[in-house]
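Participant: Structure in structure tokens, see below.
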Number of protein chains: 2
Amino acid sequence: TIAMYFLGIDGGGTKTEALICDEFGQIIGRGRSGPSNPLFIGKDTAFENIKLSIDIASRYYNGNMFFDSASICIPGIKRYKDEVKTQLLQNSKNTYIDSDELNAFYGALAKPFGIVVIAGTGSFTVGINKRGEKAVLGGWGPIIGDEGSGYHIGICGLKSIVMEYEGAGVKTSLTPKIMKELGLKKVPELRRLIYSKDFDRTIIANLSNLVHESAIEGDPASVNIVNTAAAHLAELVNRVVEQLKMYDGDYDAVLTGGVSNFKDLILVPFTESIERENINIKKPQYVPAIGSLMIALKESGIDVYAQDILNSLNATYKNFVL
Amino acid sequence: TIAMYFLGIDGGGTKTEALICDEFGQIIGRGRSGPSNPLFIGKDTAFENIKLSIDIASRYYNGNMFFDSASICIPGIKRYKDEVKTQLLQNSKNTYIDSDELNAFYGALAKPFGIVVIAGTGSFTVGINKRGEKAVLGGWGPIIGDEGSGYHIGICGLKSIVMEYEGAGVKTSLTPKIMKELGLKKVPELRRLIYSKDFDRTIIANLSNLVHESAIEGDPASVNIVNTAAAHLAELVNRVVEQLKMYDGDYDAVLTGGVSNFKDLILVPFTESIERENINIKKPQYVPAIGSLMIALKESGIDVYAQDILNSLNATYKNFVL
């Protein structure tokens with residue numbers, strides 16, 4: 001028999017990861033390249049990086065690779081569906097092209113139902129119940145949403161040092177840290193920096209690392225910020241549970257994205273704020289790129305939840321350290 | 001004796017107003033021109049509009065006008081102090097050149113001490129106690145501050161319709177109003193609009209008018225937003241009272257700026273949230289341009305709080321409807 005191959009891609013604002021596996025879930029190639037969110041870097045660069053990640057992942061294969069199914073999961077890619085098919089996936093029988101919600105979901109849970117909260121620069125949640133109903137909440141961006149995200153944690157850090165400066169807040173070790181990080185001498189200089197045209201919002205999201213550091217040290221303002229973020233993220237879970245009526249048995253809920261690197265600091269208050277007892281907080285199972293492979297396997301009718309397939313994906317992924 | 005003349009200018013992101021009066025507080029000229037905040041429109045246009053407003057205000061005066069004192073109150077003008085003096089105020093003996101905080105303060109209170117909360121697109125407060133100590137709180141801009149401002153009220157309006165859309169909030173009459181105002185059909189289209197490069201923050205501040213309208217109609221979400229804004233603005237007052245230890249007798253506090261157009265809707269909860277009984281909420285006395293004239297008169301040692309001067313400024317200002 002001829003081997004079947006599957007392609008899974010997870011891409012975004014900073015990088016693109018491609019994985020190739022066979023029908024037994026054995027990963028035979030992995031490739032990484034630059035950003036592929038066309039909203040940020042344009043269609044041409046996005047396509048180049050997608051192609052590059054595929055080329056790297058298939059570099060040990062002799063000849064032109066044919067995929068039974070391919071899954072491309074990148075925010076903003078949907079509008080280029082036809083061009084992705086004709087320009088990048090000529091060698092694929094089935095294709096799945098969509099944003100990065102579902103692959104993050106399957107990768108984190110390794111189950112067809114449950115709840116995944118993604119808290120990176122932004123924040124949102126995806127829930128699917130046992131009846132297959134799906135809900136996506138949050139993700140309204142830094143201006144009108146994204147509570148609990150790295151960006152929001154950074155904003156709360158800035159607000160804390162502003163309150164301390166105005167004599168209305170508690171003393172916080174964030175002030176010297178953030179001033180140093182931003183290269184400022186005095187808090188009022190924040191205005192000129194933050195509102196300058198070239199200021200990049202990701203700088204604020206990165207300040208969440210300093211909040212994390214100060215919270216570990218026990219800084220009360222920082223601990224409070226992390227607890228508030230945890231409550232916001234748990235609120236997303238509570239709302240999705242209500243909306244999808246997820247009372248019919250146990251469900252796993254996973255917190256993933258950069259903010260989940262805060263570990264117990266955020267996981268403990270997050271777990272405490274989950275209202276229903278049938279929701280079990282778990283650690284993320286696999287990376288989003290494996291989630292994308294799972295979608296590709298599903299497209300070809302393969303039962304990706306079979307334990308041997310999952311074990312195989314997990315074991316062989318570790319062979320490809322980049 | 002030769003008459004003494006004084007020039008007062010209040011400028012900002014949308015317009016510039018110049019007033020000229022004599023030493024008795026009689027206004028003899030008023031001029032209005034376009035924006036003069038150099039941060040927004042550049043130094044050259046700012047200077048042109050300042051000059052134009054002076055030219056219009058002095059159009060009935062025969063010959064070159066000499067000012068005993070001139071006061072220019074415009075955000076961001078301070079860095080051009082020397083150029084303003086040499087290029088625009090050659091004919092002035094004394095000059096005051098600063099941002100628009102103090103003139104708004106004196107105009108609103110017509111007293112040397114008290115508290116003024118300015119809630120327009122942004123929000124901040126200026127307090128001066130009877131010992132002459134001054135504090136400015138707030139004004140950290142839309143990203144890390146400005147709670148209670150028109151912008152913040154607009155954001156809360158958007159968040160309300162997002163929560164309603166996600167099935168987690170109360171029904172609100174804001175949804176059809178805001179959708180119509182922004183030319184959108186569905187709530188999710190907000191993302192594409194708000195995060196597009198050309199989106200102007202003042203559009204969000206203008207949504208506060210719709211929140212005002214819905215609050216008048218009794219829409220619970222909108223009433224809640226206005227009450228929250230009022231509490232934020234009162235919090236600025238409470239903090240300035242503590243910081244300046246304003247317990248030594250009565251003080252007037254004035255709410256001014258676009259949000260004060262909400263009248264009792266905001267003034268009642270605002271007043272209820274003021275913690276100290278020696279703080280008396282008053283209506284704004286005069287416009288900021290008159291405040292700027294008061295600064296100019298003070299610069300020449302004239303007692304601007306004398307009732308006849310204040311009466312004269314008020315009475316003669318009304319002669320100049322633009």
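As shown in the structure tokens, the chain order sets the letters A, B, ...; within each chain, residues go from 1, and ligands are also counted from 1 in the order they appear.
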Compute the set of chain A residues within 12 Å of chain B, using only C-alpha atoms, and express it as JSON, numbers by chain.

Facilitator: {"A": [39, 40, 76, 125, 135, 136, 137, 138, 139, 140, 141, 142, 143, 144, 145, 146, 147, 151, 152, 153, 154, 155, 156, 157, 158, 159, 160, 161, 162, 163, 164, 165, 166, 167, 168, 169, 187, 188, 189, 190, 191, 192, 193, 194, 195, 196, 197, 199, 201, 204, 235, 236, 238, 239, 240, 241, 242, 243, 244]}

Participant: Using only C-alpha atoms, which residues sit within 12 Å of Ala46 of chain A once same-chain residues fewer than 5 positions away are excluded, as a list in words?

Facilitator: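 Final neighbour list, sorted by chain and number: Gly11, Gly12, Gly13, Thr14, Lys15, Thr16, Ser33, Gly34, Pro35, Ser36, Asn37, Pro38, Leu39, Phe40, Ile41, Lys51, Leu52, Ser53, Ile72, Ile74, Pro75, Gly76, Ile77, Tyr80, Glu83, Val84 and Leu88 of chain A.
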
Participant: How far is it from atom CA of Asp68 of chain B to atom CA of Leu89 of chain B, in Å with one decimal?

Facilitator: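 We find that atom CA of Asp68 of chain B and atom CA of Leu89 of chain B lie 10.8 Å from each other.
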
Participant: Can you list, as an NGL selection string, all residues belonging to segment 94-177 of chain A that DSSP tags as strand (DSSP E)?

Facilitator: :A and (94-98 or 114-119 or 123-128 or 134-138)

Participant: Rank B:Val237, B:Tyr286, B:Gly249, B:Ala215 by their smallest atom-to-atom distance to Thr271 of chain B, using only C-alpha atoms, and report the top residue only.

Facilitator: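 For Thr271 of chain B, the nearest of the given residues is B:Val237.
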
Participant: Would you please work out which residue, of A:Asp219, A:Glu101, A:Asp55, A:Glu213, is nearest to Asn261 of chain A when using only C-alpha atoms?

Facilitator: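 Residue with the minimum atom-to-atom distance to Asn261 of chain A: A:Glu213.
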
Participant: Which one is closest to Phe66 of chain B: B:Ile302, B:Leu174, B:Leu7, B:Ile115? Count only C-alpha atoms.

Facilitator: B:Leu7

Participant: Among segment 66-261 of chain A, which ones does DSSP place in alpha helix (DSSP H), written as JSON, numbers by chain?

Facilitator: {"A": [81, 82, 83, 84, 85, 86, 87, 88, 101, 102, 103, 104, 105, 106, 107, 108, 109, 141, 142, 143, 144, 150, 151, 152, 153, 154, 155, 156, 157, 158, 159, 160, 161, 162, 163, 164, 165, 174, 175, 176, 177, 178, 179, 180, 181, 182, 189, 190, 191, 192, 193, 194, 201, 202, 203, 204, 205, 206, 208, 209, 210, 211, 212, 213, 214, 215, 216, 220, 221, 222, 223, 224, 225, 226, 227, 228, 229, 230, 231, 232, 233, 234, 235, 236, 237, 238, 239, 240, 241, 242, 243]}

Participant: Report, in Å to a single decimal, how far apart atom CA of Ala119 of chain B and atom CA of Tyr96 of chain B are.

Facilitator: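 Separation of atom CA of Tyr96 of chain B and atom CA of Ala119 of chain B: 24.3 Å.
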
Participant: What does the structure give for the distance between atom CA of Lys85 of chain B and atom CA of Gln26 of chain B, in Å to one decimal?

Facilitator: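 Separation of atom CA of Lys85 of chain B and atom CA of Gln26 of chain B: 24.6 Å.
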
Participant: Identify which of the residues B:Asp98, B:Ala231, B:Phe6, B:Phe67 lies closest to Glu23 of chain B, counting only C-alpha atoms when measuring atom-to-atom distances.

Facilitator: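 Closest candidate: B:Phe6.
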
Participant: Of the candidates A:Ile295, A:Lys186, A:Lys171, A:Ile290, which shows the shortest atom-to-atom distance to Lys318 of chain A, using only C-alpha atoms?

Facilitator: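 The shortest atom-to-atom distance to Lys318 of chain A comes from A:Ile290.
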